[in-house]
$ cat my_file.pdb   # PDB, C-alpha atoms
ATOM      1  CA  PHE G 204     275.090  60.067 -56.928  1.00  0.00           C
ATOM      2  CA  PRO G 205     273.687  57.515 -54.440  1.00  0.00           C
ATOM      3  CA  ASP G 206     275.940  54.917 -52.845  1.00  0.00           C
ATOM      4  CA  SER G 207     274.342  52.248 -55.000  1.00  0.00           C
ATOM      5  CA  TYR G 208     276.223  53.626 -58.023  1.00  0.00           C
ATOM      6  CA  GLU G 209     279.909  53.436 -58.797  1.00  0.00           C
ATOM      7  CA  LEU G 210     282.220  55.255 -61.165  1.00  0.00           C
ATOM      8  CA  ILE G 211     283.251  53.042 -64.057  1.00  0.00           C
ATOM      9  CA  GLU G 212     284.683  55.548 -66.524  1.00  0.00           C
ATOM     10  CA  GLU G 213     285.827  59.127 -66.489  1.00  0.00           C
ATOM     11  CA  ASN G 214     286.252  61.302 -69.578  1.00  0.00           C
ATOM     12  CA  HIS G 215     287.904  64.736 -69.505  1.00  0.00           C
ATOM     13  CA  HIS G 216     286.224  67.670 -71.200  1.00  0.00           C
ATOM     14  CA  PHE G 217     286.439  71.458 -70.975  1.00  0.00           C
ATOM     15  CA  LYS G 218     290.140  71.061 -70.546  1.00  0.00           C
ATOM     16  CA  LYS G 219     292.136  73.173 -72.957  1.00  0.00           C
ATOM     17  CA  GLU G 220     294.596  71.414 -75.191  1.00  0.00           C
ATOM     18  CA  GLY G 221     295.794  73.779 -77.859  1.00  0.00           C
ATOM     19  CA  ASP G 222     292.709  75.306 -79.468  1.00  0.00           C
ATOM     20  CA  HIS G 223     290.357  72.608 -78.102  1.00  0.00           C
ATOM     21  CA  TYR G 224     288.409  72.455 -74.815  1.00  0.00           C
ATOM     22  CA  TYR G 225     287.182  69.422 -72.967  1.00  0.00           C
ATOM     23  CA  ARG G 226     284.617  68.995 -70.156  1.00  0.00           C
ATOM     24  CA  ASN G 227     285.029  66.732 -67.156  1.00  0.00           C
ATOM     25  CA  SER G 228     282.239  64.091 -67.203  1.00  0.00           C
ATOM     26  CA  MET G 229     281.702  60.838 -65.406  1.00  0.00           C
ATOM     27  CA  ILE G 230     279.790  57.690 -66.321  1.00  0.00           C
ATOM     28  CA  TYR G 231     278.135  55.677 -63.577  1.00  0.00           C
ATOM     29  CA  ARG G 232     276.508  52.270 -63.342  1.00  0.00           C
ATOM     30  CA  GLU G 233     274.507  50.619 -60.585  1.00  0.00           C
ATOM     31  CA  LYS G 234     276.707  48.660 -58.206  1.00  0.00           C
ATOM     32  CA  LEU G 235     276.391  44.899 -58.249  1.00  0.00           C
ATOM     33  CA  ASP G 236     277.136  42.770 -55.223  1.00  0.00           C
ATOM     34  CA  ARG G 237     280.066  40.394 -55.560  1.00  0.00           C
ATOM     35  CA  LYS G 238     277.903  37.280 -55.857  1.00  0.00           C
ATOM     36  CA  THR G 239     275.833  38.813 -58.670  1.00  0.00           C
ATOM     37  CA  GLU G 240     278.965  39.871 -60.529  1.00  0.00           C
ATOM     38  CA  GLU G 241     280.378  36.357 -60.201  1.00  0.00           C
ATOM     39  CA  ILE G 242     277.179  34.819 -61.588  1.00  0.00           C
ATOM     40  CA  LEU G 243     277.048  37.261 -64.491  1.00  0.00           C
ATOM     41  CA  GLY G 244     280.728  36.689 -65.225  1.00  0.00           C
ATOM     42  CA  LYS G 245     280.285  32.927 -65.217  1.00  0.00           C
ATOM     43  CA  GLU G 246     277.204  33.114 -67.439  1.00  0.00           C
ATOM     44  CA  LEU G 247     279.005  35.347 -69.930  1.00  0.00           C
ATOM     45  CA  ILE G 248     281.888  32.875 -70.142  1.00  0.00           C
ATOM     46  CA  LEU G 249     279.427  30.028 -70.771  1.00  0.00           C
ATOM     47  CA  LYS G 250     277.584  32.051 -73.406  1.00  0.00           C
ATOM     48  CA  LYS G 251     280.709  32.991 -75.343  1.00  0.00           C
ATOM     49  CA  ALA G 252     282.130  29.475 -75.058  1.00  0.00           C
ATOM     50  CA  LEU G 253     278.931  27.949 -76.417  1.00  0.00           C
ATOM     51  CA  ASP G 254     278.837  30.491 -79.248  1.00  0.00           C
ATOM     52  CA  MET G 255     282.208  29.175 -80.411  1.00  0.00           C
ATOM     53  CA  PHE G 256     281.640  25.497 -79.546  1.00  0.00           C
ATOM     54  CA  ALA G 257     278.434  25.469 -81.620  1.00  0.00           C
ATOM     55  CA  LYS G 258     280.277  26.810 -84.660  1.00  0.00           C
ATOM     56  CA  SER G 259     283.752  25.301 -84.425  1.00  0.00           C
ATOM     57  CA  GLY G 260     283.517  22.365 -82.029  1.00  0.00           C
ATOM     58  CA  TYR G 261     285.047  21.796 -78.624  1.00  0.00           C
ATOM     59  CA  ASP G 262     288.612  20.924 -79.694  1.00  0.00           C
ATOM     60  CA  SER G 263     288.952  23.985 -81.942  1.00  0.00           C
ATOM     61  CA  VAL G 264     288.281  26.466 -79.125  1.00  0.00           C
ATOM     62  CA  SER G 265     290.880  27.241 -76.468  1.00  0.00           C
ATOM     63  CA  ILE G 266     290.640  28.911 -73.078  1.00  0.00           C
ATOM     64  CA  ARG G 267     292.529  31.801 -74.649  1.00  0.00           C
ATOM     65  CA  ASP G 268     289.863  32.102 -77.358  1.00  0.00           C
ATOM     66  CA  ILE G 269     287.116  32.190 -74.744  1.00  0.00           C
ATOM     67  CA  ALA G 270     288.943  34.789 -72.632  1.00  0.00           C
ATOM     68  CA  LYS G 271     289.421  36.977 -75.704  1.00  0.00           C
ATOM     69  CA  ALA G 272     285.717  36.722 -76.588  1.00  0.00           C
ATOM     70  CA  VAL G 273     284.737  37.719 -73.044  1.00  0.00           C
ATOM     71  CA  ASN G 274     287.426  40.415 -73.006  1.00  0.00           C
ATOM     72  CA  ILE G 275     289.088  39.207 -69.818  1.00  0.00           C
ATOM     73  CA  LYS G 276     292.485  37.788 -68.926  1.00  0.00           C
ATOM     74  CA  GLU G 277     292.969  34.082 -69.552  1.00  0.00           C
ATOM     75  CA  SER G 278     293.728  33.557 -65.868  1.00  0.00           C
ATOM     76  CA  SER G 279     290.318  35.013 -64.959  1.00  0.00           C
ATOM     77  CA  ILE G 280     288.596  32.035 -66.582  1.00  0.00           C
ATOM     78  CA  TYR G 281     290.101  29.791 -63.899  1.00  0.00           C
ATOM     79  CA  TYR G 282     288.428  31.833 -61.171  1.00  0.00           C
ATOM     80  CA  HIS G 283     285.101  30.407 -62.398  1.00  0.00           C
ATOM     81  CA  PHE G 284     286.103  27.098 -64.011  1.00  0.00           C
ATOM     82  CA  LYS G 285     288.786  24.490 -63.370  1.00  0.00           C
ATOM     83  CA  ASN G 286     289.467  23.982 -67.073  1.00  0.00           C
ATOM     84  CA  LYS G 287     287.755  23.778 -70.454  1.00  0.00           C
ATOM     85  CA  GLN G 288     286.163  20.428 -69.564  1.00  0.00           C
ATOM     86  CA  ASP G 289     284.532  22.133 -66.580  1.00  0.00           C
ATOM     87  CA  ILE G 290     282.997  24.680 -68.968  1.00  0.00           C
ATOM     88  CA  LEU G 291     281.639  21.837 -71.113  1.00  0.00           C
ATOM     89  CA  ASP G 292     280.249  20.027 -68.062  1.00  0.00           C
ATOM     90  CA  SER G 293     278.564  23.239 -66.873  1.00  0.00           C
ATOM     91  CA  LEU G 294     276.914  23.759 -70.265  1.00  0.00           C
ATOM     92  CA  VAL G 295     275.604  20.188 -70.321  1.00  0.00           C
ATOM     93  CA  GLU G 296     274.347  20.504 -66.743  1.00  0.00           C
ATOM     94  CA  LYS G 297     272.559  23.765 -67.566  1.00  0.00           C
ATOM     95  CA  PHE G 298     270.974  22.230 -70.670  1.00  0.00           C
ATOM     96  CA  GLU G 299     269.837  19.091 -68.854  1.00  0.00           C
ATOM     97  CA  SER G 300     268.363  21.207 -66.044  1.00  0.00           C
ATOM     98  CA  HIS G 301     266.410  23.270 -68.576  1.00  0.00           C
ATOM     99  CA  MET G 302     265.160  20.142 -70.331  1.00  0.00           C
ATOM    100  CA  LYS G 303     264.054  18.547 -67.059  1.00  0.00           C
ATOM    101  CA  GLU G 304     262.119  21.663 -66.099  1.00  0.00           C
ATOM    102  CA  LEU G 305     260.500  21.799 -69.535  1.00  0.00           C
ATOM    103  CA  THR G 306     259.679  18.079 -69.513  1.00  0.00           C
ATOM    104  CA  ASP G 307     258.148  18.354 -66.050  1.00  0.00           C
ATOM    105  CA  MET G 308     255.903  21.187 -67.253  1.00  0.00           C
ATOM    106  CA  LEU G 309     254.839  19.155 -70.279  1.00  0.00           C
ATOM    107  CA  GLN G 310     254.106  16.098 -68.163  1.00  0.00           C
ATOM    108  CA  ALA G 311     252.055  18.202 -65.732  1.00  0.00           C
ATOM    109  CA  SER G 312     250.053  19.565 -68.662  1.00  0.00           C
ATOM    110  CA  MET G 313     249.410  16.089 -69.996  1.00  0.00           C
ATOM    111  CA  SER G 314     248.463  14.693 -66.596  1.00  0.00           C
ATOM    112  CA  ASP G 315     244.997  16.212 -66.947  1.00  0.00           C
ATOM    113  CA  SER G 316     243.364  13.769 -69.344  1.00  0.00           C
ATOM    114  CA  HIS G 317     240.352  16.106 -69.741  1.00  0.00           C
ATOM    115  CA  ASN G 318     242.348  19.180 -70.702  1.00  0.00           C
ATOM    116  CA  VAL G 319     242.063  19.261 -74.482  1.00  0.00           C
ATOM    117  CA  ASN G 320     243.753  22.695 -74.491  1.00  0.00           C
ATOM    118  CA  ALA G 321     246.952  20.913 -73.436  1.00  0.00           C
ATOM    119  CA  PHE G 322     247.261  19.754 -77.044  1.00  0.00           C
ATOM    120  CA  SER G 323     246.350  22.996 -78.803  1.00  0.00           C
ATOM    121  CA  TRP G 324     248.574  24.706 -81.355  1.00  0.00           C
ATOM    122  CA  ASP G 325     249.353  27.457 -78.817  1.00  0.00           C
ATOM    123  CA  TRP G 326     250.430  24.842 -76.270  1.00  0.00           C
ATOM    124  CA  LEU G 327     252.703  23.165 -78.799  1.00  0.00           C
ATOM    125  CA  ARG G 328     254.220  26.432 -79.970  1.00  0.00           C
ATOM    126  CA  GLU G 329     254.877  27.730 -76.451  1.00  0.00           C
ATOM    127  CA  PHE G 330     256.267  24.612 -74.775  1.00  0.00           C
ATOM    128  CA  TYR G 331     257.962  22.776 -77.621  1.00  0.00           C
ATOM    129  CA  PHE G 332     258.846  25.444 -80.155  1.00  0.00           C
ATOM    130  CA  GLU G 333     259.549  28.618 -78.159  1.00  0.00           C
ATOM    131  CA  GLN G 334     261.147  27.056 -75.079  1.00  0.00           C
ATOM    132  CA  TYR G 335     263.103  24.369 -76.873  1.00  0.00           C
ATOM    133  CA  LEU G 336     263.590  24.485 -80.636  1.00  0.00           C
ATOM    134  CA  PHE G 337     263.573  28.296 -80.942  1.00  0.00           C
ATOM    135  CA  ASP G 338     265.428  28.973 -77.695  1.00  0.00           C
ATOM    136  CA  THR G 339     268.911  30.322 -78.506  1.00  0.00           C
ATOM    137  CA  PHE G 340     270.688  28.350 -75.789  1.00  0.00           C
ATOM    138  CA  CYS G 341     268.951  25.057 -76.630  1.00  0.00           C
ATOM    139  CA  ASN G 342     269.468  25.582 -80.345  1.00  0.00           C
ATOM    140  CA  GLN G 343     273.183  26.186 -79.869  1.00  0.00           C
ATOM    141  CA  MET G 344     273.452  23.106 -77.647  1.00  0.00           C
ATOM    142  CA  MET G 345     271.817  21.009 -80.368  1.00  0.00           C
ATOM    143  CA  ARG G 346     274.298  22.342 -82.920  1.00  0.00           C
ATOM    144  CA  PHE G 347     277.151  21.655 -80.513  1.00  0.00           C
ATOM    145  CA  MET G 348     275.966  18.075 -79.955  1.00  0.00           C
ATOM    146  CA  MET G 349     275.708  17.558 -83.709  1.00  0.00           C
ATOM    147  CA  ILE G 350     279.412  18.360 -84.037  1.00  0.00           C
ATOM    148  CA  GLU G 351     280.650  16.557 -80.931  1.00  0.00           C
ATOM    149  CA  GLN G 352     278.730  13.306 -81.498  1.00  0.00           C
ATOM    150  CA  PHE G 353     281.648  12.200 -83.679  1.00  0.00           C
ATOM    151  CA  HIS G 354     284.277  12.912 -81.017  1.00  0.00           C
ATOM    152  CA  ASN G 355     282.635  12.424 -77.630  1.00  0.00           C
ATOM    153  CA  GLU G 356     280.508   9.400 -76.705  1.00  0.00           C
ATOM    154  CA  ASN G 357     278.678  11.239 -73.938  1.00  0.00           C
ATOM    155  CA  MET G 358     277.739  14.001 -76.351  1.00  0.00           C
ATOM    156  CA  ARG G 359     276.601  11.405 -78.899  1.00  0.00           C
ATOM    157  CA  MET G 360     274.297   9.920 -76.275  1.00  0.00           C
ATOM    158  CA  SER G 361     272.954  13.380 -75.427  1.00  0.00           C
ATOM    159  CA  TYR G 362     272.440  14.091 -79.122  1.00  0.00           C
ATOM    160  CA  GLU G 363     270.425  10.899 -79.526  1.00  0.00           C
ATOM    161  CA  ARG G 364     268.452  11.485 -76.347  1.00  0.00           C
ATOM    162  CA  TYR G 365     267.494  15.146 -76.788  1.00  0.00           C
ATOM    163  CA  LEU G 366     267.048  15.332 -80.549  1.00  0.00           C
ATOM    164  CA  PHE G 367     265.326  11.986 -81.046  1.00  0.00           C
ATOM    165  CA  GLU G 368     264.385   9.811 -78.057  1.00  0.00           C
ATOM    166  CA  LEU G 369     262.901  12.412 -75.699  1.00  0.00           C
ATOM    167  CA  PRO G 370     260.981  14.421 -78.355  1.00  0.00           C
ATOM    168  CA  HIS G 371     259.558  11.215 -79.856  1.00  0.00           C
ATOM    169  CA  ARG G 372     258.459   9.931 -76.441  1.00  0.00           C
ATOM    170  CA  ILE G 373     256.789  13.213 -75.466  1.00  0.00           C
ATOM    171  CA  GLN G 374     255.052  13.613 -78.819  1.00  0.00           C
ATOM    172  CA  THR G 375     253.826  10.013 -78.751  1.00  0.00           C
ATOM    173  CA  GLN G 376     252.436  10.504 -75.237  1.00  0.00           C
ATOM    174  CA  SER G 377     250.710  13.706 -76.343  1.00  0.00           C
ATOM    175  CA  PHE G 378     248.853  12.042 -79.191  1.00  0.00           C
ATOM    176  CA  MET G 379     248.017   8.990 -77.081  1.00  0.00           C
ATOM    177  CA  MET G 380     246.285  11.367 -74.667  1.00  0.00           C
ATOM    178  CA  LEU G 381     244.106  12.492 -77.579  1.00  0.00           C
ATOM    179  CA  SER G 382     242.978   8.900 -77.977  1.00  0.00           C
ATOM    180  CA  LYS G 383     241.892   8.889 -74.322  1.00  0.00           C
ATOM    181  CA  LEU G 384     239.833  12.011 -75.035  1.00  0.00           C
ATOM    182  CA  GLY G 385     238.132  10.171 -77.894  1.00  0.00           C
ATOM    183  CA  ILE G 386     239.523  12.556 -80.533  1.00  0.00           C
ATOM    184  CA  LEU G 387     241.612   9.783 -82.136  1.00  0.00           C
ATOM    185  CA  ASN G 388     241.598   6.040 -81.727  1.00  0.00           C
ATOM    186  CA  GLU G 389     244.803   4.414 -80.487  1.00  0.00           C
ATOM    187  CA  GLN G 390     245.944   3.324 -83.932  1.00  0.00           C
ATOM    188  CA  GLN G 391     245.366   6.808 -85.353  1.00  0.00           C
ATOM    189  CA  ALA G 392     247.173   8.407 -82.396  1.00  0.00           C
ATOM    190  CA  THR G 393     250.220   6.190 -82.934  1.00  0.00           C
ATOM    191  CA  LYS G 394     250.326   6.938 -86.661  1.00  0.00           C
ATOM    192  CA  VAL G 395     249.812  10.693 -86.239  1.00  0.00           C
ATOM    193  CA  GLY G 396     252.427  10.792 -83.467  1.00  0.00           C
ATOM    194  CA  ASN G 397     255.037   9.080 -85.628  1.00  0.00           C
ATOM    195  CA  ASP G 398     254.182  11.212 -88.664  1.00  0.00           C
ATOM    196  CA  PHE G 399     254.336  14.383 -86.568  1.00  0.00           C
ATOM    197  CA  PHE G 400     257.718  13.455 -85.102  1.00  0.00           C
ATOM    198  CA  ALA G 401     259.130  12.704 -88.573  1.00  0.00           C
ATOM    199  CA  SER G 402     257.805  15.992 -89.967  1.00  0.00           C
ATOM    200  CA  ILE G 403     259.012  18.145 -87.059  1.00  0.00           C
ATOM    201  CA  THR G 404     262.453  16.487 -87.114  1.00  0.00           C
ATOM    202  CA  MET G 405     262.788  17.159 -90.841  1.00  0.00           C
ATOM    203  CA  LEU G 406     261.718  20.785 -90.415  1.00  0.00           C
ATOM    204  CA  THR G 407     264.101  21.209 -87.467  1.00  0.00           C
ATOM    205  CA  PHE G 408     267.077  20.230 -89.599  1.00  0.00           C
ATOM    206  CA  LYS G 409     265.799  22.191 -92.600  1.00  0.00           C
ATOM    207  CA  TYR G 410     265.208  25.495 -90.828  1.00  0.00           C
ATOM    208  CA  LEU G 411     266.573  25.537 -87.285  1.00  0.00           C
ATOM    209  CA  LEU G 412     269.880  23.672 -87.514  1.00  0.00           C
ATOM    210  CA  ASN G 413     270.858  24.949 -90.943  1.00  0.00           C
ATOM    211  CA  GLY G 414     272.828  28.199 -91.024  1.00  0.00           C
ATOM    212  CA  GLU G 415     271.923  31.175 -88.838  1.00  0.00           C
ATOM    213  CA  LEU G 416     268.777  30.908 -86.728  1.00  0.00           C
ATOM    214  CA  THR G 417     266.610  33.832 -87.842  1.00  0.00           C
ATOM    215  CA  LYS G 418     263.082  35.099 -87.245  1.00  0.00           C
ATOM    216  CA  ALA G 419     262.214  34.296 -90.858  1.00  0.00           C
ATOM    217  CA  LYS G 420     263.315  30.679 -90.412  1.00  0.00           C
ATOM    218  CA  LYS G 421     261.292  30.329 -87.224  1.00  0.00           C
ATOM    219  CA  GLU G 422     258.219  31.673 -88.999  1.00  0.00           C
ATOM    220  CA  ALA G 423     258.743  29.338 -91.962  1.00  0.00           C
ATOM    221  CA  PHE G 424     259.178  26.407 -89.586  1.00  0.00           C
ATOM    222  CA  SER G 425     255.957  27.262 -87.717  1.00  0.00           C
ATOM    223  CA  GLU G 426     253.976  27.736 -90.920  1.00  0.00           C
ATOM    224  CA  GLU G 427     255.045  24.393 -92.378  1.00  0.00           C
ATOM    225  CA  ALA G 428     254.573  22.598 -89.052  1.00  0.00           C
ATOM    226  CA  PHE G 429     251.031  23.955 -88.800  1.00  0.00           C
ATOM    227  CA  THR G 430     250.340  22.822 -92.362  1.00  0.00           C
ATOM    228  CA  TYR G 431     251.634  19.306 -91.616  1.00  0.00           C
ATOM    229  CA  ILE G 432     249.495  19.023 -88.492  1.00  0.00           C
ATOM    230  CA  ASN G 433     246.311  20.080 -90.293  1.00  0.00           C
ATOM    231  CA  ARG G 434     247.040  17.699 -93.143  1.00  0.00           C
ATOM    232  CA  MET G 435     247.651  14.755 -90.812  1.00  0.00           C
ATOM    233  CA  PHE G 436     244.399  15.284 -88.948  1.00  0.00           C
ATOM    234  CA  ARG G 437     242.443  15.637 -92.181  1.00  0.00           C
ATOM    235  CA  GLU G 438     243.902  12.375 -93.464  1.00  0.00           C
ATOM    236  CA  ASP G 439     242.983  10.570 -90.261  1.00  0.00           C
TER     237      ASP G 439
END

$ encode --input "my_file.pdb" --output "C-alpha cells"
Amino acid sequence: FPDSYELIEENHHFKKEGDHYYRNSMIYREKLDRKTEEILGKELILKKALDMFAKSGYDSVSIRDIAKAVNIKESSIYYHFKNKQDILDSLVEKFESHMKELTDMLQASMSDSHNVNAFSWDWLREFYFEQYLFDTFCNQMMRFMMIEQFHNENMRMSYERYLFELPHRIQTQSFMMLSKLGILNEQQATKVGNDFFASITMLTFKYLLNGELTKAKKEAFSEEAFTYINRMFRED
C-alpha cells in the first residue's frame, strides 16, 4: 500500500482455532494530516452536540454525553474546546457566519434592479429554502434557539433576529424591488411582502420545526408555499 494509507484495523483469518480457520486481513484508510483530523474531530463534536442541544436543550446535555456520542474520551473534548460554553459559542459563531454569507449573496442578487430572475421561484427555493430553512444545521440551530430562548437572553435575541427580523427584512426588500421593476406598486409590494412572511413563518413552524425534518415535509412546505405565492399575486 502507498505511504498515503495507514493501517487502522487488523483482523486475523486462516488461523486455526479448533476446527475453524481464519485469514490474516488488513483494513486501510487514507492518511489525514494532523490539521485535517483536528478540524474533522472538532466538527464532529459540534455536530453531535447540536444534535442533542436541539432535542434536549443546553442544560440537559453534559460534556460526558457529547463525548459518548462522538465515541471519544471526555478529556478529548477539552483538546478542542475549553468547556461546554465554548461549544455553544462555536455553534453560534458558525451559524452567524453562514447567515452572513447567505445574506450577502441575497443582497448581491437584489442589487441588480433589472434582474427579474432574482425573484423567481427557483431563486427563492435555492437561497431561502435549501440553504436556510431546509439546511440541517440551520434547522437544528432554529430548534435549539426555540428551546434556549427561555433560558438564555442572547439566544432569545438570536431567535428573534434569525426567525423573524432578518427574514422579514429580506422578504420585504425583495418585494419592494418588484415595485421598482414595475411588477407591483409600492403598496402592493408591502402587502404581498407581509403576507408572504406570515405564510412562510406559519409553514415553517407547521412543517420544518415540528417533529423530524423529512423529505416529505420539505416537499409539503414547498408545495404550500408555491400555492400561497400564486394566490397572493392573483389577488393583487

$ closest_residue --input "my_file.pdb" --among "G:Ala428, G:Ile350, G:Cys341, G:Met379" --to "Glu299 (chain G)" --atoms "only C-alpha atoms"
G:Cys341

$ residues_around --input "my_file.pdb" --residues "region 274-288 of chain G" --least-positions-apart "2" --cutoff "9 Å" --atoms "all atoms listed in the file" --output "PyMOL selection string"
chain G and resi 241+244-245+248+261+265-272+290-293

$ atom_distance --input "my_file.pdb" --atom1 "CA of Glu363 (chain G)" --atom2 "CA of Asn397 (chain G)"
16.7 Å

$ resolve_selection --input "my_file.pdb" --expression "the PyMOL selection byres ((chain G and resi 371) around 12)" --output "PyMOL selection string"
chain G and resi 331+363-370+372-378+393+395-404

$ atom_distance --input "my_file.pdb" --atom1 "CA of Lys297 (chain G)" --atom2 "CA of Glu351 (chain G)"
17.2 Å

$ atom_distance --input "my_file.pdb" --atom1 "CA of Leu249 (chain G)" --atom2 "CA of Tyr335 (chain G)"
18.3 Å

$ residues_around --input "my_file.pdb" --residues "Met345 (chain G)" --least-positions-apart "5" --cutoff "12 Å" --atoms "all atoms listed in the file" --output "PyMOL selection string"
chain G and resi 253-254+256-258+260+294-295+298-299+335-340+350-352+358-359+361-367+407-408+411-413

$ closest_residue --input "my_file.pdb" --among "G:Thr417, G:Ser425, G:Leu406, G:Trp326" --to "Met308 (chain G)" --atoms "only C-alpha atoms"
G:Trp326

$ closest_residue --input "my_file.pdb" --among "G:Phe353, G:Ala419, G:His301, G:Phe429" --to "Leu327 (chain G)" --atoms "all atoms listed in the file"
G:Phe429

$ closest_residue --input "my_file.pdb" --among "G:Ala392, G:Ile432, G:Met380, G:Met405" --to "Ser312 (chain G)" --atoms "only C-alpha atoms"
G:Met380
